[in-house]
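Data file: upload_25.txt. Format and content: compact mmCIF, C-alpha atoms.
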# COMPACT_ATOMS: atom_id res chain seq x y z
CA MET F 1205 4.44 36.51 16.11
CA ILE F 1206 1.41 35.64 13.97
CA ARG F 1207 1.88 31.90 14.57
CA ARG F 1208 2.07 32.39 18.34
CA TYR F 1209 -1.06 34.54 18.25
CA ILE F 1210 -2.90 31.80 16.35
CA LEU F 1211 -1.74 29.20 18.85
CA TRP F 1212 -2.95 31.46 21.69
CA LEU F 1213 -6.37 31.60 20.04
CA PHE F 1214 -6.35 27.80 19.76
CA ALA F 1215 -5.72 27.58 23.50
CA LEU F 1216 -8.97 29.45 24.16
CA LEU F 1217 -11.01 26.82 22.34
CA PRO F 1218 -12.41 23.74 24.12
CA ALA F 1219 -9.76 21.08 24.56
CA ILE F 1220 -9.82 17.41 25.45
CA PRO F 1221 -7.86 16.13 28.44
CA ALA F 1222 -4.37 14.90 27.62
CA VAL F 1223 -1.66 13.11 29.52
CA GLY F 1224 1.99 14.03 29.28
CA GLN F 1225 3.86 16.80 27.53
CA GLN F 1226 3.07 17.71 23.94
CA ILE F 1227 5.28 20.11 21.99
CA MET F 1228 4.89 21.32 18.40
CA TYR F 1229 7.94 22.55 16.45
CA ALA F 1230 7.33 24.90 13.54
CA ASN F 1231 10.65 24.23 11.80
CA LEU F 1232 13.94 22.36 12.04
CA LYS F 1233 15.64 25.17 13.95
CA GLU F 1234 13.03 25.06 16.70
CA LEU F 1235 13.39 21.28 16.93
CA VAL F 1236 17.18 21.49 17.24
CA GLU F 1237 16.92 24.21 19.88
CA GLU F 1238 14.07 22.43 21.72
CA ARG F 1239 11.88 25.56 21.83
CA GLY F 1240 8.50 24.62 20.46
CA ASP F 1241 4.94 25.41 21.54
CA THR F 1242 3.49 23.35 24.38
CA VAL F 1243 -0.11 22.23 23.85
CA THR F 1244 -2.55 19.82 25.48
CA THR F 1245 -4.97 18.91 22.68
CA LEU F 1246 -3.14 16.45 20.44
CA SER F 1247 -4.27 12.99 19.46
CA VAL F 1248 -1.73 10.50 18.04
CA GLU F 1249 -3.23 7.65 16.02
CA ARG F 1250 -1.41 4.86 14.25
CA ARG F 1251 -2.82 4.57 10.73
CA SER F 1252 -4.05 1.20 9.51
CA LYS F 1253 -2.41 -0.72 6.70
CA ASN F 1254 -5.50 -0.17 4.56
CA GLN F 1255 -5.34 3.59 5.08
CA ILE F 1256 -1.67 3.66 4.12
CA TYR F 1257 -2.23 1.45 1.07
CA LEU F 1258 -5.18 3.49 -0.22
CA MET F 1259 -3.95 7.00 0.61
CA GLY F 1260 -0.19 6.65 1.09
CA GLY F 1261 1.77 8.62 3.62
CA ALA F 1262 3.44 7.85 6.92
CA ASP F 1263 2.44 5.74 9.90
CA TYR F 1264 0.97 8.25 12.35
CA ARG F 1265 -1.86 10.75 12.16
CA ILE F 1266 -1.51 13.63 14.62
CA GLU F 1267 -4.47 15.94 15.02
CA ALA F 1268 -6.22 18.17 17.54
CA PRO F 1269 -9.77 16.80 17.93
CA ASP F 1270 -12.46 19.50 17.83
CA ASN F 1271 -9.90 22.06 16.67
CA SER F 1272 -9.80 22.17 12.88
CA GLY F 1273 -7.41 25.13 12.74
CA MET F 1274 -4.72 23.41 14.75
CA SER F 1275 -5.26 20.15 12.85
CA ARG F 1276 -4.69 22.05 9.59
CA TYR F 1277 -1.51 23.57 11.04
CA LEU F 1278 -0.30 20.10 12.07
CA ARG F 1279 -0.91 18.71 8.59
CA LYS F 1280 0.58 21.49 6.50
CA ARG F 1281 2.99 23.64 8.50
CA CYS F 1282 4.21 21.91 11.65
CA TYR F 1283 7.67 20.35 11.29
CA ALA F 1284 7.73 17.91 14.20
CA VAL F 1285 5.84 16.93 17.33
CA ARG F 1286 7.07 15.51 20.62
CA VAL F 1287 4.64 13.61 22.84
CA ASP F 1288 6.36 12.74 26.10
CA THR F 1289 9.57 11.02 24.95
CA ALA F 1290 8.25 10.06 21.49
CA LEU F 1291 9.30 12.25 18.54
CA TYR F 1292 7.46 12.43 15.21
CA VAL F 1293 8.51 14.33 12.07
CA ASN F 1294 6.07 15.60 9.47
CA CYS F 1295 6.77 13.69 6.25
CA ARG F 1296 5.28 16.56 4.28
CA LYS F 1297 8.46 18.45 5.25
CA MET F 1298 10.89 15.60 4.60
CA ARG F 1299 12.78 15.00 1.35
CA TYR F 1300 15.16 12.33 0.14
CA LYS F 1301 16.89 13.65 -2.96
CA ARG F 1302 14.00 14.37 -5.36
CA TYR F 1303 11.57 12.10 -3.55
CA ARG F 1304 8.78 12.95 -1.14
CA PHE F 1305 7.18 10.78 1.51
CA GLY F 1306 3.62 12.07 1.41
CA GLN F 1307 1.64 13.28 4.40
CA TRP F 1308 1.36 12.53 8.10
CA TYR F 1309 4.03 11.74 10.66
CA ALA F 1310 6.91 9.27 10.94
CA PRO F 1311 8.49 8.11 14.22
CA ALA F 1312 11.94 9.55 14.80
CA MET F 1313 14.80 9.57 17.29
CA TRP F 1314 17.94 11.56 18.07
CA VAL F 1315 21.18 9.55 17.82
CA GLY F 1316 24.60 11.18 17.99
CA GLY F 1317 23.37 14.65 17.04
CA LYS F 1318 21.37 13.44 14.02
CA ILE F 1319 17.68 12.68 13.58
CA TYR F 1320 16.69 9.27 12.27
CA PHE F 1321 13.15 8.67 11.00
CA SER F 1322 11.41 5.57 9.67
CA ALA F 1323 9.53 5.91 6.37
CA GLN F 1324 8.65 4.12 3.14
CA PRO F 1325 11.56 3.09 0.88
CA VAL F 1326 11.98 5.49 -2.06
CA GLY F 1327 14.76 6.01 -4.58
CA GLN F 1328 17.94 4.18 -3.60
CA ALA F 1329 16.14 2.69 -0.60
CA ALA F 1330 13.56 1.12 -2.92
CA THR F 1331 16.33 -0.58 -4.88
CA SER F 1332 17.93 -2.04 -1.76
CA THR F 1333 17.58 -5.60 -0.50
CA LEU F 1334 13.91 -4.92 0.26
CA MET F 1335 12.89 -4.53 -3.39
CA PRO F 1336 10.88 -7.31 -5.05
CA ALA F 1337 12.89 -9.29 -7.59
CA ASP F 1338 10.63 -8.43 -10.56
CA ALA F 1339 10.86 -4.67 -9.87
CA ALA F 1340 14.64 -4.89 -9.76
CA ARG F 1341 14.77 -5.41 -13.51
CA LEU F 1342 13.37 -1.95 -14.20
CA GLY F 1343 15.47 1.19 -13.96
CA GLY F 1344 14.88 4.91 -13.64
CA GLU F 1345 11.84 6.63 -12.18
CA VAL F 1346 9.45 3.95 -13.50
CA GLY F 1347 11.34 1.24 -11.68
CA ASP F 1348 11.52 3.36 -8.53
CA ALA F 1349 7.75 3.96 -8.63
CA ILE F 1350 6.96 0.26 -9.07
CA ALA F 1351 9.37 -0.65 -6.30
CA ALA F 1352 7.87 1.93 -3.96
CA SER F 1353 4.30 0.78 -4.64
CA GLY F 1354 5.31 -2.79 -3.85
CA LEU F 1355 6.91 -1.64 -0.60
CA VAL F 1356 4.10 0.55 0.69
CA HIS F 1357 4.10 -1.21 4.06
CA ASP F 1358 7.87 -1.62 4.36
CA ARG F 1359 9.97 0.87 6.30
CA VAL F 1360 13.61 1.90 6.26
CA TYR F 1361 15.54 4.57 8.14
CA TYR F 1362 16.74 7.94 6.90
CA GLU F 1363 19.26 10.22 8.58
CA LEU F 1364 18.23 13.88 8.77
CA ASP F 1365 21.15 16.30 9.12
CA PRO F 1366 20.04 19.16 11.43
CA GLY F 1367 22.62 21.45 9.83
CA THR F 1368 21.47 21.09 6.23
CA GLY F 1369 17.95 19.65 6.51
CA ARG F 1370 18.91 16.94 4.01
CA SER F 1371 18.08 13.28 4.43
CA GLU F 1372 20.26 10.26 3.65
CA PHE F 1373 19.20 6.63 3.39
CA VAL F 1374 20.61 4.46 6.17
CA GLY F 1375 21.62 1.28 4.39
CA LYS F 1376 24.22 -1.29 5.36
CA GLU F 1377 27.21 0.82 4.35
CA LYS F 1378 25.97 3.84 6.30
CA MET F 1379 25.15 1.73 9.33
CA LEU F 1380 28.63 0.23 9.37
CA GLN F 1381 30.05 3.75 9.52
CA LEU F 1382 27.80 4.61 12.45
CA LEU F 1383 28.98 1.48 14.27
CA ASP F 1384 32.69 2.32 14.02
CA GLY F 1385 32.89 3.00 17.76
CA PHE F 1386 31.01 -0.18 18.67
CA PRO F 1387 33.13 -3.17 17.58
CA ARG F 1388 30.86 -5.91 18.95
CA LEU F 1389 27.76 -4.38 17.43
CA LYS F 1390 29.56 -3.86 14.14
CA ALA F 1391 30.66 -7.49 14.01
CA ARG F 1392 27.10 -8.60 14.67
CA PHE F 1393 25.63 -6.22 12.11
CA GLU F 1394 27.97 -7.49 9.37
CA ASN F 1395 25.98 -10.73 9.45
CA GLU F 1396 22.64 -8.98 8.89
CA THR F 1397 21.07 -9.34 5.46
CA SER F 1398 18.24 -6.81 5.78
CA GLU F 1399 18.20 -3.01 5.68
CA SER F 1400 14.67 -2.83 7.07
CA ALA F 1401 13.71 -0.35 9.78
CA GLU F 1402 13.24 -3.24 12.18
CA VAL F 1403 16.90 -4.24 11.85
CA ILE F 1404 18.47 -0.80 11.46
CA GLY F 1405 16.32 0.64 14.25
CA ARG F 1406 17.49 -2.02 16.68
CA TYR F 1407 21.13 -0.99 16.18
CA LEU F 1408 20.35 2.72 16.25
CA LYS F 1409 18.68 2.31 19.64
CA MET F 1410 21.70 0.43 20.97
CA ILE F 1411 23.97 3.25 19.77
CA GLN F 1412 21.58 5.74 21.38
CA THR F 1413 21.83 3.99 24.74
CA LYS F 1414 25.53 3.13 24.19
CA THR F 1415 24.93 -0.53 24.91
CA GLU F 1416 26.87 -3.38 23.35
CA PRO F 1417 26.36 -7.15 23.65
CA GLN F 1418 28.71 -8.83 26.10
Once you've parsed the file, please lay out its structure as structure tokens.
Amino acid sequence: MIRRYILWLFALLPAIPAVGQQIMYANLKELVEERGDTVTTLSVERRSKNQIYLMGGADYRIEAPDNSGMSRYLRKRCYAVRVDTALYVNCRKMRYKRYRFGQWYAPAMWVGGKIYFSAQPVGQAATSTLMPADAARLGGEVGDAIAASGLVHDRVYYELDPGTGRSEFVGKEKMLQLLDGFPRLKARFENETSESAEVIGRYLKMIQTKTEPQ
């Protein structure tokens, strides 16, 4: 009730013109049930590599220009945002085991009843095929931290379970499981050597659209 009252107050403030539908989801349950708050004031900006390197965090900044209250809500409390067909999850709310992803928003998509988002490699993901060879010699949290700092601009995919809210790294083994119903795609993926978001995302989108190579 209080949140909806605050959002109503935001709506009374001056707003900038916007194109398309914009929906804010306060939590995972709202996202799953597709019942968020529709707004018209959001600005989506892709962060530069320098910004990410210096301050960390995810790839997209989502704010409400000229509306500091809503911008604060977006940074700290909002769970996800949909702008037209594009979905973004707030990395401040995401976890992978004991690891956090920092602030701002990561691009995401629904595939087979799960949410997949692209973020910086941490933990097991940072010790995958993306990790620099010199960082691979170090173990534990120190090694993970060094690996992550060396991969600040790299991205991998994580699977978010809507039932538990837990995230799982989508590496080669996980992707092969997801491709069980797509024999041609699975055969092609077995030849891939990278677990990067570019590669994994390509196959996730083909599963999403149920398309296989002829």
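For the residues F:Ala1323, F:Val1374, F:Ile1411, F:Ile1404, ranking by smallest atom-to-atom distance to Arg1388 (chain F) using all atoms listed in the file places F:Ile1411 first.
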**Request:** Work out how far CA of Arg1251 (chain F) is from CA of Asp1263 (chain F), in Å to one decimal.
**Result:** 5.5 Å
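Atom pair CA of Arg1370 (chain F) / CA of Tyr1309 (chain F) has a distance of 17.1 Å (rounded to one decimal).
The two atoms in question, CA of Thr1244 (chain F) and CA of Met1228 (chain F), are spaced 10.4 Å apart.
Remark: for Gly1327 (chain F), the closest of the candidate residues F:Tyr1362, F:Ala1401, F:Asp1270, F:Thr1413 is F:Tyr1362 (distances computed over only C-alpha atoms).
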Edge lengths and centre in Å to one decimal, as JSON, is what I'm after for the box along x, y and z that holds all listed atoms of region 1373-1380 of chain F once 3 Å is added on each side.
{"center_x": 23.9, "center_y": 2.7, "center_z": 6.4, "size_x": 15.4, "size_y": 13.9, "size_z": 12.0}
**Request:** Give me the residues within 10 Å of Gly1375 (chain F) as a VMD selection string, counting all atoms listed in the file and dropping any in the same chain fewer than 3 places off.
**Result:** chain F and resid 1328 to 1329 1332 to 1333 1360 to 1362 1372 1378 to 1380 1398 to 1401 1404
Pick out the residues sitting within 6 Å of region 1278-1292 of chain F, and hand them over as a CSV table (one decimal) with C-alpha atoms, in the coordinates of the input; count all atoms listed in the file, and ignore anything fewer than 2 positions along from it in its own chain.
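Done, and the output landed in part21.csv:
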chain,number,residue,atom,x,y,z
F,1224,GLY,CA,2.0,14.0,29.3
F,1225,GLN,CA,3.9,16.8,27.5
F,1226,GLN,CA,3.1,17.7,23.9
F,1227,ILE,CA,5.3,20.1,22.0
F,1228,MET,CA,4.9,21.3,18.4
F,1229,TYR,CA,7.9,22.6,16.4
F,1230,ALA,CA,7.3,24.9,13.5
F,1231,ASN,CA,10.6,24.2,11.8
F,1275,SER,CA,-5.3,20.2,12.8
F,1276,ARG,CA,-4.7,22.0,9.6
F,1294,ASN,CA,6.1,15.6,9.5
F,1309,TYR,CA,4.0,11.7,10.7
F,1310,ALA,CA,6.9,9.3,10.9
F,1311,PRO,CA,8.5,8.1,14.2
F,1312,ALA,CA,11.9,9.6,14.8
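Using all atoms listed in the file, the protein and nucleic acid residues lying no more than 7 Å from Lys1318 (chain F), apart from those fewer than 4 places from it along its own chain, are Trp1314, Glu1363, Leu1364, Asp1365 and Pro1366 of chain F.
Among F:Ser1247, F:Ser1371, F:Lys1233, F:Leu1408, the residue with the shortest atom-to-atom distance to Leu1389 (chain F), counting all atoms listed in the file, is F:Leu1408.
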**Who sits within 12 Å of Gly1367 (chain F), all atoms listed in the file, same chain under 6 positions skipped, as a ChimeraX atom specification** = /F:1232-1233,1235-1237,1317-1319
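Counting only C-alpha atoms, the residue from F:Gly1260, F:Lys1414, F:Gly1405, F:Ser1272 that sits nearest to Pro1387 (chain F) is F:Lys1414.
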